[in-house]
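Enquirer: mmCIF, C-alpha atoms and all ligand atoms, file protein-v3.cif:
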data_protein
loop_
_atom_site.group_PDB
_atom_site.id
_atom_site.type_symbol
_atom_site.label_atom_id
_atom_site.label_comp_id
_atom_site.auth_asym_id
_atom_site.auth_seq_id
_atom_site.Cartn_x
_atom_site.Cartn_y
_atom_site.Cartn_z
ATOM 1 C CA MET A 1 101.472 125.646 71.695
ATOM 2 C CA LEU A 2 98.448 123.392 71.585
ATOM 3 C CA GLU A 3 99.964 121.542 68.663
ATOM 4 C CA LYS A 4 103.132 120.974 70.657
ATOM 5 C CA PHE A 5 101.136 119.296 73.376
ATOM 6 C CA THR A 6 98.971 117.197 71.087
ATOM 7 C CA ASN A 7 102.137 115.985 69.369
ATOM 8 C CA TRP A 8 103.089 114.316 72.646
ATOM 9 C CA LYS A 9 100.295 111.883 72.026
ATOM 10 C CA VAL A 10 100.933 109.200 69.495
ATOM 11 C CA LYS A 11 98.070 108.023 67.347
ATOM 12 C CA ASN A 12 96.855 104.814 68.892
ATOM 13 C CA GLU A 13 96.935 102.891 65.636
ATOM 14 C CA GLU A 14 100.553 103.686 64.870
ATOM 15 C CA ASN A 15 102.792 100.616 64.622
ATOM 16 C CA THR A 16 100.400 98.410 66.502
ATOM 17 C CA GLN A 17 101.647 94.836 66.714
ATOM 18 C CA SER A 18 100.899 92.132 69.209
ATOM 19 C CA VAL A 19 104.472 90.846 69.144
ATOM 20 C CA LEU A 20 107.576 92.786 70.019
ATOM 21 C CA THR A 21 110.037 92.246 67.181
ATOM 22 C CA ASN A 22 112.824 94.300 68.706
ATOM 23 C CA THR A 23 113.669 93.186 72.231
ATOM 24 C CA GLU A 24 116.597 95.579 72.599
ATOM 25 C CA ASN A 25 116.447 98.689 74.727
ATOM 26 C CA LEU A 26 113.358 97.641 76.643
ATOM 27 C CA PRO A 27 112.219 99.916 79.450
ATOM 28 C CA LYS A 28 113.138 98.162 82.674
ATOM 29 C CA HIS A 29 110.556 99.942 84.805
ATOM 30 C CA ILE A 30 107.164 100.965 83.419
ATOM 31 C CA ALA A 31 104.719 103.003 85.492
ATOM 32 C CA ILE A 32 101.073 103.356 84.490
ATOM 33 C CA ILE A 33 98.414 105.874 85.482
ATOM 34 C CA MET A 34 95.315 103.808 84.729
ATOM 35 C CA ASP A 35 92.834 106.571 83.982
ATOM 36 C CA GLY A 36 89.412 106.730 82.354
ATOM 37 C CA ASN A 37 87.419 104.045 84.154
ATOM 38 C CA GLY A 38 84.658 106.506 85.084
ATOM 39 C CA ARG A 39 84.319 107.831 81.524
ATOM 40 C CA TRP A 40 84.303 104.300 80.126
ATOM 41 C CA ALA A 41 81.339 103.487 82.370
ATOM 42 C CA LYS A 42 79.558 106.787 81.679
ATOM 43 C CA LYS A 43 79.755 106.205 77.915
ATOM 44 C CA ARG A 44 77.835 102.975 78.479
ATOM 45 C CA GLY A 45 75.324 104.405 80.954
ATOM 46 C CA LEU A 46 76.854 102.301 83.728
ATOM 47 C CA PRO A 47 77.831 103.304 87.280
ATOM 48 C CA ARG A 48 81.455 104.381 87.745
ATOM 49 C CA ILE A 49 82.273 101.247 89.691
ATOM 50 C CA ALA A 50 81.524 99.175 86.585
ATOM 51 C CA GLY A 51 84.418 101.020 84.949
ATOM 52 C CA HIS A 52 86.731 100.153 87.817
ATOM 53 C CA ARG A 53 85.671 96.505 87.633
ATOM 54 C CA GLU A 54 86.455 96.445 83.929
ATOM 55 C CA GLY A 55 89.712 98.292 84.600
ATOM 56 C CA MET A 56 90.736 95.618 87.052
ATOM 57 C CA SER A 57 90.291 92.948 84.421
ATOM 58 C CA VAL A 58 92.833 94.685 82.178
ATOM 59 C CA ILE A 59 95.547 94.456 84.823
ATOM 60 C CA ASN A 60 96.223 90.731 84.571
ATOM 61 C CA LYS A 61 96.706 90.932 80.797
ATOM 62 C CA ILE A 62 99.226 93.750 81.093
ATOM 63 C CA VAL A 63 101.029 92.070 83.989
ATOM 64 C CA LYS A 64 101.328 88.882 81.986
ATOM 65 C CA LYS A 65 102.614 90.683 78.907
ATOM 66 C CA ALA A 66 105.117 92.708 80.959
ATOM 67 C CA ASN A 67 106.392 89.550 82.623
ATOM 68 C CA ASP A 68 106.571 87.628 79.344
ATOM 69 C CA ILE A 69 108.678 90.232 77.576
ATOM 70 C CA GLY A 70 111.050 90.671 80.509
ATOM 71 C CA ILE A 71 110.062 94.012 82.024
ATOM 72 C CA GLU A 72 111.645 94.195 85.484
ATOM 73 C CA THR A 73 109.128 96.398 87.289
ATOM 74 C CA LEU A 74 105.561 97.456 86.612
ATOM 75 C CA THR A 75 104.126 100.159 88.859
ATOM 76 C CA LEU A 76 100.353 100.659 88.757
ATOM 77 C CA TYR A 77 98.659 103.732 90.237
ATOM 78 C CA ALA A 78 95.621 102.033 91.762
ATOM 79 C CA PHE A 79 94.510 104.472 94.476
ATOM 80 C CA SER A 80 95.894 107.915 95.264
ATOM 81 C CA THR A 81 95.898 109.840 98.533
ATOM 82 C CA GLU A 82 93.477 112.216 96.752
ATOM 83 C CA ASN A 83 91.038 109.432 95.794
ATOM 84 C CA TRP A 84 89.602 109.532 99.338
ATOM 85 C CA LYS A 85 87.657 112.603 98.151
ATOM 86 C CA ARG A 86 85.442 110.392 95.939
ATOM 87 C CA PRO A 87 81.987 109.224 97.041
ATOM 88 C CA LYS A 88 82.175 106.654 99.823
ATOM 89 C CA ASN A 89 80.686 103.829 97.743
ATOM 90 C CA GLU A 90 83.350 104.363 95.064
ATOM 91 C CA VAL A 91 86.182 104.485 97.620
ATOM 92 C CA ASP A 92 84.873 101.310 99.260
ATOM 93 C CA PHE A 93 84.666 99.597 95.896
ATOM 94 C CA LEU A 94 88.164 100.682 94.833
ATOM 95 C CA LEU A 95 89.644 99.443 98.100
ATOM 96 C CA ARG A 96 87.940 96.069 97.625
ATOM 97 C CA LEU A 97 89.627 95.591 94.251
ATOM 98 C CA PRO A 98 93.016 94.389 95.518
ATOM 99 C CA GLU A 99 91.254 91.642 97.469
ATOM 100 C CA ARG A 100 89.082 90.711 94.467
ATOM 101 C CA PHE A 101 91.981 90.784 92.072
ATOM 102 C CA LEU A 102 94.353 88.816 94.276
ATOM 103 C CA SER A 103 91.776 86.210 95.261
ATOM 104 C CA ILE A 104 91.726 85.203 91.591
ATOM 105 C CA GLU A 105 95.180 86.164 90.370
ATOM 106 C CA LEU A 106 97.517 85.408 93.294
ATOM 107 C CA PRO A 107 98.028 81.691 92.485
ATOM 108 C CA LYS A 108 98.934 82.707 88.919
ATOM 109 C CA LEU A 109 101.285 85.449 90.116
ATOM 110 C CA VAL A 110 103.015 82.966 92.416
ATOM 111 C CA LYS A 111 103.379 80.472 89.572
ATOM 112 C CA GLU A 112 104.510 83.057 87.046
ATOM 113 C CA ASN A 113 107.316 84.258 89.325
ATOM 114 C CA VAL A 114 105.816 87.751 89.846
ATOM 115 C CA LYS A 115 106.799 89.560 93.028
ATOM 116 C CA VAL A 116 104.101 91.814 94.509
ATOM 117 C CA ARG A 117 105.124 95.030 96.226
ATOM 118 C CA LEU A 118 103.236 97.905 97.838
ATOM 119 C CA MET A 119 104.009 101.601 97.492
ATOM 120 C CA GLY A 120 101.822 103.828 99.634
ATOM 121 C CA SER A 121 100.679 104.600 103.121
ATOM 122 C CA LYS A 122 99.226 101.726 105.084
ATOM 123 C CA GLU A 123 97.492 104.255 107.341
ATOM 124 C CA ASN A 124 93.715 104.383 106.786
ATOM 125 C CA LEU A 125 93.686 101.397 104.461
ATOM 126 C CA PRO A 126 90.941 98.952 105.447
ATOM 127 C CA ALA A 127 92.148 95.729 107.066
ATOM 128 C CA HIS A 128 90.841 93.601 104.180
ATOM 129 C CA THR A 129 92.837 95.623 101.632
ATOM 130 C CA LEU A 130 96.033 95.402 103.662
ATOM 131 C CA LYS A 131 95.567 91.733 104.404
ATOM 132 C CA ALA A 132 95.134 90.879 100.713
ATOM 133 C CA VAL A 133 98.200 92.837 99.673
ATOM 134 C CA GLU A 134 100.359 91.622 102.552
ATOM 135 C CA THR A 135 99.413 88.012 101.833
ATOM 136 C CA ALA A 136 100.395 88.542 98.205
ATOM 137 C CA ILE A 137 103.687 90.177 99.195
ATOM 138 C CA ASN A 138 104.448 87.306 101.519
ATOM 139 C CA GLU A 139 103.502 84.556 99.095
ATOM 140 C CA THR A 140 105.550 86.062 96.277
ATOM 141 C CA LYS A 141 108.527 87.257 98.323
ATOM 142 C CA ASP A 142 110.956 84.697 96.868
ATOM 143 C CA ASN A 143 109.876 85.280 93.269
ATOM 144 C CA THR A 144 112.475 86.730 90.945
ATOM 145 C CA GLY A 145 110.457 87.780 87.877
ATOM 146 C CA LEU A 146 108.471 90.946 87.307
ATOM 147 C CA VAL A 147 108.083 93.203 90.343
ATOM 148 C CA LEU A 148 104.435 94.271 90.434
ATOM 149 C CA ASN A 149 104.424 97.469 92.447
ATOM 150 C CA PHE A 150 100.933 98.576 93.483
ATOM 151 C CA ALA A 151 100.698 102.289 94.260
ATOM 152 C CA LEU A 152 97.885 102.175 96.752
ATOM 153 C CA ASN A 153 96.990 105.094 98.980
ATOM 154 C CA TYR A 154 99.993 106.723 97.319
ATOM 155 C CA GLY A 155 100.691 110.407 96.808
ATOM 156 C CA SER A 156 104.078 111.760 95.837
ATOM 157 C CA ARG A 157 103.951 114.881 97.987
ATOM 158 C CA PHE A 158 102.953 112.792 100.988
ATOM 159 C CA GLU A 159 105.856 110.459 100.190
ATOM 160 C CA ILE A 160 108.297 113.381 100.044
ATOM 161 C CA VAL A 161 106.983 114.875 103.310
ATOM 162 C CA LYS A 162 107.405 111.509 105.038
ATOM 163 C CA ALA A 163 110.918 111.164 103.617
ATOM 164 C CA VAL A 164 111.914 114.640 104.844
ATOM 165 C CA GLN A 165 110.498 113.902 108.300
ATOM 166 C CA GLN A 166 112.523 110.697 108.525
ATOM 167 C CA VAL A 167 115.700 112.341 107.233
ATOM 168 C CA VAL A 168 115.389 115.082 109.877
ATOM 169 C CA LYS A 169 114.713 112.481 112.551
ATOM 170 C CA ASP A 170 117.782 110.486 111.523
ATOM 171 C CA VAL A 171 119.905 113.646 111.609
ATOM 172 C CA GLU A 172 118.565 114.455 115.086
ATOM 173 C CA ASP A 173 119.326 110.905 116.208
ATOM 174 C CA GLY A 174 122.872 111.180 114.882
ATOM 175 C CA LYS A 175 122.382 108.469 112.235
ATOM 176 C CA LEU A 176 123.038 110.897 109.389
ATOM 177 C CA THR A 177 124.819 114.240 109.002
ATOM 178 C CA VAL A 178 123.470 117.086 106.875
ATOM 179 C CA ASP A 179 126.517 116.851 104.576
ATOM 180 C CA GLU A 180 125.778 113.202 103.909
ATOM 181 C CA ILE A 181 122.393 113.998 102.391
ATOM 182 C CA MET A 182 122.746 113.339 98.663
ATOM 183 C CA GLU A 183 120.235 112.443 95.938
ATOM 184 C CA GLU A 184 120.966 108.776 96.629
ATOM 185 C CA THR A 185 120.186 109.351 100.316
ATOM 186 C CA ILE A 186 116.785 110.852 99.548
ATOM 187 C CA GLU A 187 116.017 107.935 97.196
ATOM 188 C CA GLN A 188 116.448 105.490 100.042
ATOM 189 C CA TYR A 189 113.817 107.330 102.074
ATOM 190 C CA LEU A 190 111.217 107.322 99.307
ATOM 191 C CA MET A 191 108.624 104.560 98.962
ATOM 192 C CA THR A 192 110.389 103.207 95.870
ATOM 193 C CA ASP A 193 113.464 102.523 98.031
ATOM 194 C CA THR A 194 115.706 100.284 95.912
ATOM 195 C CA LEU A 195 113.492 100.306 92.787
ATOM 196 C CA ARG A 196 115.037 102.082 89.811
ATOM 197 C CA ASP A 197 113.222 105.138 88.460
ATOM 198 C CA PRO A 198 110.577 104.401 85.818
ATOM 199 C CA ASP A 199 111.968 104.476 82.273
ATOM 200 C CA LEU A 200 108.521 104.842 80.758
ATOM 201 C CA LEU A 201 105.312 106.397 82.097
ATOM 202 C CA ILE A 202 102.013 105.546 80.431
ATOM 203 C CA ARG A 203 98.853 107.517 81.128
ATOM 204 C CA THR A 204 95.583 106.538 79.532
ATOM 205 C CA SER A 205 92.388 108.525 78.861
ATOM 206 C CA GLY A 206 93.850 111.630 77.227
ATOM 207 C CA GLU A 207 94.783 113.495 80.411
ATOM 208 C CA ILE A 208 98.253 115.005 80.260
ATOM 209 C CA ARG A 209 99.241 115.484 83.869
ATOM 210 C CA LEU A 210 101.043 113.620 86.635
ATOM 211 C CA SER A 211 98.388 113.818 89.367
ATOM 212 C CA ASN A 212 100.877 113.654 92.239
ATOM 213 C CA PHE A 213 102.492 110.487 90.909
ATOM 214 C CA MET A 214 106.215 109.725 91.469
ATOM 215 C CA LEU A 215 107.284 113.367 91.139
ATOM 216 C CA TRP A 216 110.884 112.675 92.181
ATOM 217 C CA GLN A 217 111.234 109.384 90.330
ATOM 218 C CA LEU A 218 109.867 110.650 86.984
ATOM 219 C CA ALA A 219 112.558 113.331 86.572
ATOM 220 C CA TYR A 220 114.057 111.694 83.449
ATOM 221 C CA THR A 221 111.273 109.292 82.501
ATOM 222 C CA GLU A 222 109.885 109.127 78.963
ATOM 223 C CA PHE A 223 106.134 109.875 78.874
ATOM 224 C CA TRP A 224 103.567 108.248 76.591
ATOM 225 C CA PHE A 225 99.978 109.421 76.589
ATOM 226 C CA THR A 226 97.031 107.833 74.865
ATOM 227 C CA ASP A 227 93.367 108.745 74.494
ATOM 228 C CA VAL A 228 92.409 105.105 75.080
ATOM 229 C CA LEU A 229 90.433 104.681 78.308
ATOM 230 C CA TRP A 230 92.006 102.216 80.741
ATOM 231 C CA PRO A 231 89.268 99.533 80.400
ATOM 232 C CA ASP A 232 89.917 99.562 76.613
ATOM 233 C CA PHE A 233 93.698 99.344 77.020
ATOM 234 C CA THR A 234 95.167 96.198 75.463
ATOM 235 C CA GLU A 235 98.491 94.397 75.233
ATOM 236 C CA GLU A 236 98.842 95.966 71.774
ATOM 237 C CA HIS A 237 98.642 99.483 73.233
ATOM 238 C CA PHE A 238 101.182 98.451 75.857
ATOM 239 C CA LEU A 239 103.588 97.179 73.198
ATOM 240 C CA GLU A 240 103.012 100.291 71.134
ATOM 241 C CA ALA A 241 104.097 102.445 74.077
ATOM 242 C CA ILE A 242 107.204 100.303 74.454
ATOM 243 C CA GLN A 243 108.007 100.583 70.740
ATOM 244 C CA VAL A 244 107.708 104.355 70.895
ATOM 245 C CA TYR A 245 110.015 104.315 73.918
ATOM 246 C CA GLN A 246 112.547 102.218 72.009
ATOM 247 C CA ARG A 247 112.773 104.910 69.333
ATOM 248 C CA ARG A 248 113.380 107.731 71.792
ATOM 249 C CA ALA A 249 116.866 109.056 72.533
ATOM 250 C CA ARG A 250 117.356 109.574 76.251
ATOM 251 C CA ARG A 251 119.907 112.218 77.044
ATOM 252 C CA TYR A 252 119.475 112.914 80.754
ATOM 253 C CA GLY A 253 120.356 116.553 80.217
ATOM 254 C CA GLY A 254 123.427 115.721 78.104
ATOM 255 C CA VAL A 255 123.766 115.894 74.319
HETATM 256 C C1 LIG A 301 91.091 106.487 87.382
HETATM 257 O O1 LIG A 301 89.953 106.489 86.584
HETATM 258 C C2 LIG A 301 91.258 105.182 87.972
HETATM 259 C C3 LIG A 301 91.275 104.935 89.302
HETATM 260 C C4 LIG A 301 91.190 105.977 90.317
HETATM 261 C C5 LIG A 301 91.386 103.557 89.802
HETATM 262 C C6 LIG A 301 92.221 102.657 89.013
HETATM 263 C C7 LIG A 301 92.039 101.286 89.508
HETATM 264 C C8 LIG A 301 91.963 100.208 88.731
HETATM 265 C C9 LIG A 301 92.104 100.262 87.257
HETATM 266 C C10 LIG A 301 91.765 98.853 89.302
HETATM 267 C C11 LIG A 301 92.686 98.617 90.477
HETATM 268 C C12 LIG A 301 92.801 97.209 90.713
HETATM 269 C C13 LIG A 301 93.634 96.654 91.621
HETATM 270 C C14 LIG A 301 93.779 95.209 91.612
HETATM 271 C C15 LIG A 301 94.380 97.426 92.598
HETATM 272 P P1 LIG A 301 88.800 107.515 86.905
HETATM 273 O O2 LIG A 301 87.782 106.853 87.728
HETATM 274 O O3 LIG A 301 89.384 108.753 87.505
HETATM 275 O O4 LIG A 301 88.263 107.778 85.473
HETATM 276 P P2 LIG A 301 87.573 109.119 84.954
HETATM 277 O O5 LIG A 301 88.644 110.148 84.917
HETATM 278 O O6 LIG A 301 87.098 108.718 83.603
HETATM 279 O O7 LIG A 301 86.461 109.436 85.904
#
Render the structure in this file as structure tokens.
Ligand code: FPP
Expert:
Amino acid sequence: MLEKFTNWKVKNEENTQSVLTNTENLPKHIAIIMDGNGRWAKKRGLPRIAGHREGMSVINKIVKKANDIGIETLTLYAFSTENWKRPKNEVDFLLRLPERFLSIELPKLVKENVKVRLMGSKENLPAHTLKAVETAINETKDNTGLVLNFALNYGSRFEIVKAVQQVVKDVEDGKLTVDEIMEETIEQYLMTDTLRDPDLLIRTSGEIRLSNFMLWQLAYTEFWFTDVLWPDFTEEHFLEAIQVYQRRARRYGGV
């Protein structure tokens, strides 16, 4: 059993190349659980926030690579609804990161045709976090390249509860009948809205779990796990995950 699970992980060195030779069958939507910042810092005797700072610096490289190779959507799990349970100084630091990141990267994102998007609850987010993200959304709204979807204050169960509440409300208000509720209907009420489901999910740091991330949307997604900690994650690892994806046969329950 254990072997079955460890086989899910691909050795990090396998087929590592910095250039994608095969551009066919690319995943259109890649979602990443950026895990391992705390352990990266601990290994170096640094405070956890140093790991998050380093983790932030990886994001622009991966965004650039994703955009360059023609990925349509990149979803990054930056702060979960459960992350509020962390020490206050860590929460404060994490919620400062969007502002820090965008104060440096936004002009580049605008220029590189990246469109910023938010997936998560705006409730409880500090004003400075919201302002930074909303400015980025506004300044990139006409861009047509990579959609950079930040999952911020996001939790999938929360998302589903909110969707159910709104569906019930719309039924009560006569905007929708019970018989009209299909899978496509539910999709429109989720925070991904018109985004397609992720084709590929990457999780770093050796953890093999979903941690309340996109539970509906990941139904048929291909998973790729690596032991590499997020601050050590490179464009080569990213391309390796894509190459593994390209060799997979997706059957969606068929044969
Ligand atoms: C999980 O690692 C990581 C997070 C909770 C935060 C991820 C955030 C970033 C990488 C930067 C976000 C930047 C922007 C611009 C939004 P962990 O701390 O749980 O690691 P551990 O499991 O080793 O403790």
Enquirer: Any chance you could resolve the PyMOL selection byres (((not hetatm)) within 10 of (chain A and resi 301)) against this file and give the residues as a PDB file with C-alpha atoms, in the frame of the given file?
Expert:
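Okay, result-v8.pdb is ready:
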ATOM      1  CA  ILE A  32     101.073 103.356  84.490  1.00  0.00           C
ATOM      2  CA  ILE A  33      98.414 105.874  85.482  1.00  0.00           C
ATOM      3  CA  MET A  34      95.315 103.808  84.729  1.00  0.00           C
ATOM      4  CA  ASP A  35      92.834 106.571  83.982  1.00  0.00           C
ATOM      5  CA  GLY A  36      89.412 106.730  82.354  1.00  0.00           C
ATOM      6  CA  ASN A  37      87.419 104.045  84.154  1.00  0.00           C
ATOM      7  CA  GLY A  38      84.658 106.506  85.084  1.00  0.00           C
ATOM      8  CA  ARG A  39      84.319 107.831  81.524  1.00  0.00           C
ATOM      9  CA  TRP A  40      84.303 104.300  80.126  1.00  0.00           C
ATOM     10  CA  ALA A  41      81.339 103.487  82.370  1.00  0.00           C
ATOM     11  CA  LYS A  42      79.558 106.787  81.679  1.00  0.00           C
ATOM     12  CA  LYS A  43      79.755 106.205  77.915  1.00  0.00           C
ATOM     13  CA  ARG A  48      81.455 104.381  87.745  1.00  0.00           C
ATOM     14  CA  ILE A  49      82.273 101.247  89.691  1.00  0.00           C
ATOM     15  CA  ALA A  50      81.524  99.175  86.585  1.00  0.00           C
ATOM     16  CA  GLY A  51      84.418 101.020  84.949  1.00  0.00           C
ATOM     17  CA  HIS A  52      86.731 100.153  87.817  1.00  0.00           C
ATOM     18  CA  ARG A  53      85.671  96.505  87.633  1.00  0.00           C
ATOM     19  CA  GLU A  54      86.455  96.445  83.929  1.00  0.00           C
ATOM     20  CA  GLY A  55      89.712  98.292  84.600  1.00  0.00           C
ATOM     21  CA  MET A  56      90.736  95.618  87.052  1.00  0.00           C
ATOM     22  CA  SER A  57      90.291  92.948  84.421  1.00  0.00           C
ATOM     23  CA  VAL A  58      92.833  94.685  82.178  1.00  0.00           C
ATOM     24  CA  ILE A  59      95.547  94.456  84.823  1.00  0.00           C
ATOM     25  CA  ASN A  60      96.223  90.731  84.571  1.00  0.00           C
ATOM     26  CA  LEU A  76     100.353 100.659  88.757  1.00  0.00           C
ATOM     27  CA  TYR A  77      98.659 103.732  90.237  1.00  0.00           C
ATOM     28  CA  ALA A  78      95.621 102.033  91.762  1.00  0.00           C
ATOM     29  CA  PHE A  79      94.510 104.472  94.476  1.00  0.00           C
ATOM     30  CA  SER A  80      95.894 107.915  95.264  1.00  0.00           C
ATOM     31  CA  GLU A  82      93.477 112.216  96.752  1.00  0.00           C
ATOM     32  CA  ASN A  83      91.038 109.432  95.794  1.00  0.00           C
ATOM     33  CA  TRP A  84      89.602 109.532  99.338  1.00  0.00           C
ATOM     34  CA  ARG A  86      85.442 110.392  95.939  1.00  0.00           C
ATOM     35  CA  GLU A  90      83.350 104.363  95.064  1.00  0.00           C
ATOM     36  CA  VAL A  91      86.182 104.485  97.620  1.00  0.00           C
ATOM     37  CA  PHE A  93      84.666  99.597  95.896  1.00  0.00           C
ATOM     38  CA  LEU A  94      88.164 100.682  94.833  1.00  0.00           C
ATOM     39  CA  LEU A  95      89.644  99.443  98.100  1.00  0.00           C
ATOM     40  CA  ARG A  96      87.940  96.069  97.625  1.00  0.00           C
ATOM     41  CA  LEU A  97      89.627  95.591  94.251  1.00  0.00           C
ATOM     42  CA  PRO A  98      93.016  94.389  95.518  1.00  0.00           C
ATOM     43  CA  GLU A  99      91.254  91.642  97.469  1.00  0.00           C
ATOM     44  CA  ARG A 100      89.082  90.711  94.467  1.00  0.00           C
ATOM     45  CA  PHE A 101      91.981  90.784  92.072  1.00  0.00           C
ATOM     46  CA  LEU A 102      94.353  88.816  94.276  1.00  0.00           C
ATOM     47  CA  SER A 103      91.776  86.210  95.261  1.00  0.00           C
ATOM     48  CA  GLU A 105      95.180  86.164  90.370  1.00  0.00           C
ATOM     49  CA  THR A 129      92.837  95.623 101.632  1.00  0.00           C
ATOM     50  CA  VAL A 133      98.200  92.837  99.673  1.00  0.00           C
ATOM     51  CA  PHE A 150     100.933  98.576  93.483  1.00  0.00           C
ATOM     52  CA  ALA A 151     100.698 102.289  94.260  1.00  0.00           C
ATOM     53  CA  LEU A 152      97.885 102.175  96.752  1.00  0.00           C
ATOM     54  CA  THR A 204      95.583 106.538  79.532  1.00  0.00           C
ATOM     55  CA  SER A 205      92.388 108.525  78.861  1.00  0.00           C
ATOM     56  CA  GLY A 206      93.850 111.630  77.227  1.00  0.00           C
ATOM     57  CA  GLU A 207      94.783 113.495  80.411  1.00  0.00           C
ATOM     58  CA  LEU A 229      90.433 104.681  78.308  1.00  0.00           C
ATOM     59  CA  TRP A 230      92.006 102.216  80.741  1.00  0.00           C
ATOM     60  CA  PRO A 231      89.268  99.533  80.400  1.00  0.00           C
TER      61      PRO A 231
END
Enquirer: Given the file shown, determine the residues that the PyMOL selection byres (((chain A and resi 143) around 10) and not hetatm) selects; report them as number ranges by chain.
Expert: A: 109-116, 137, 139-142, 144-147
Enquirer: Okay, now the selection with C-alpha atoms, as an mmCIF file, in the coordinates of the input?
Expert:
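Output below, filename out_0.cif:
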data_model
loop_
_atom_site.group_PDB
_atom_site.id
_atom_site.type_symbol
_atom_site.label_atom_id
_atom_site.label_comp_id
_atom_site.auth_asym_id
_atom_site.auth_seq_id
_atom_site.Cartn_x
_atom_site.Cartn_y
_atom_site.Cartn_z
ATOM 1 C CA LEU A 109 101.285 85.449 90.116
ATOM 2 C CA VAL A 110 103.015 82.966 92.416
ATOM 3 C CA LYS A 111 103.379 80.472 89.572
ATOM 4 C CA GLU A 112 104.510 83.057 87.046
ATOM 5 C CA ASN A 113 107.316 84.258 89.325
ATOM 6 C CA VAL A 114 105.816 87.751 89.846
ATOM 7 C CA LYS A 115 106.799 89.560 93.028
ATOM 8 C CA VAL A 116 104.101 91.814 94.509
ATOM 9 C CA ILE A 137 103.687 90.177 99.195
ATOM 10 C CA GLU A 139 103.502 84.556 99.095
ATOM 11 C CA THR A 140 105.550 86.062 96.277
ATOM 12 C CA LYS A 141 108.527 87.257 98.323
ATOM 13 C CA ASP A 142 110.956 84.697 96.868
ATOM 14 C CA THR A 144 112.475 86.730 90.945
ATOM 15 C CA GLY A 145 110.457 87.780 87.877
ATOM 16 C CA LEU A 146 108.471 90.946 87.307
ATOM 17 C CA VAL A 147 108.083 93.203 90.343
#
Enquirer: Could you name the residues that touch stretch 162-177 of chain A at 8 Å or less, counting only C-alpha atoms, but leaving out those on the same chain fewer than 4 positions away, as a PyMOL selection string?
Expert: chain A and resi 158+181+186+189-190
Enquirer: To one decimal place in Å, what is the distance between atom CA of A:Arg248 and atom CA of A:Leu200?
Expert: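 Computed distance, atom CA of A:Arg248 to atom CA of A:Leu200, equals 10.6 Å.
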Enquirer: With only C-alpha atoms as the basis for distance, which of A:Ala219, A:Leu148, A:Ile242, A:Ala136 is at the shortest distance from A:Val19?
Expert: A:Ile242
Enquirer: Could you tell me how far atom CA of A:Leu20 lies from atom CA of A:Glu240, in Å and to one decimal?
Expert: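 Between atom CA of A:Leu20 and atom CA of A:Glu240 the gap is 8.9 Å.
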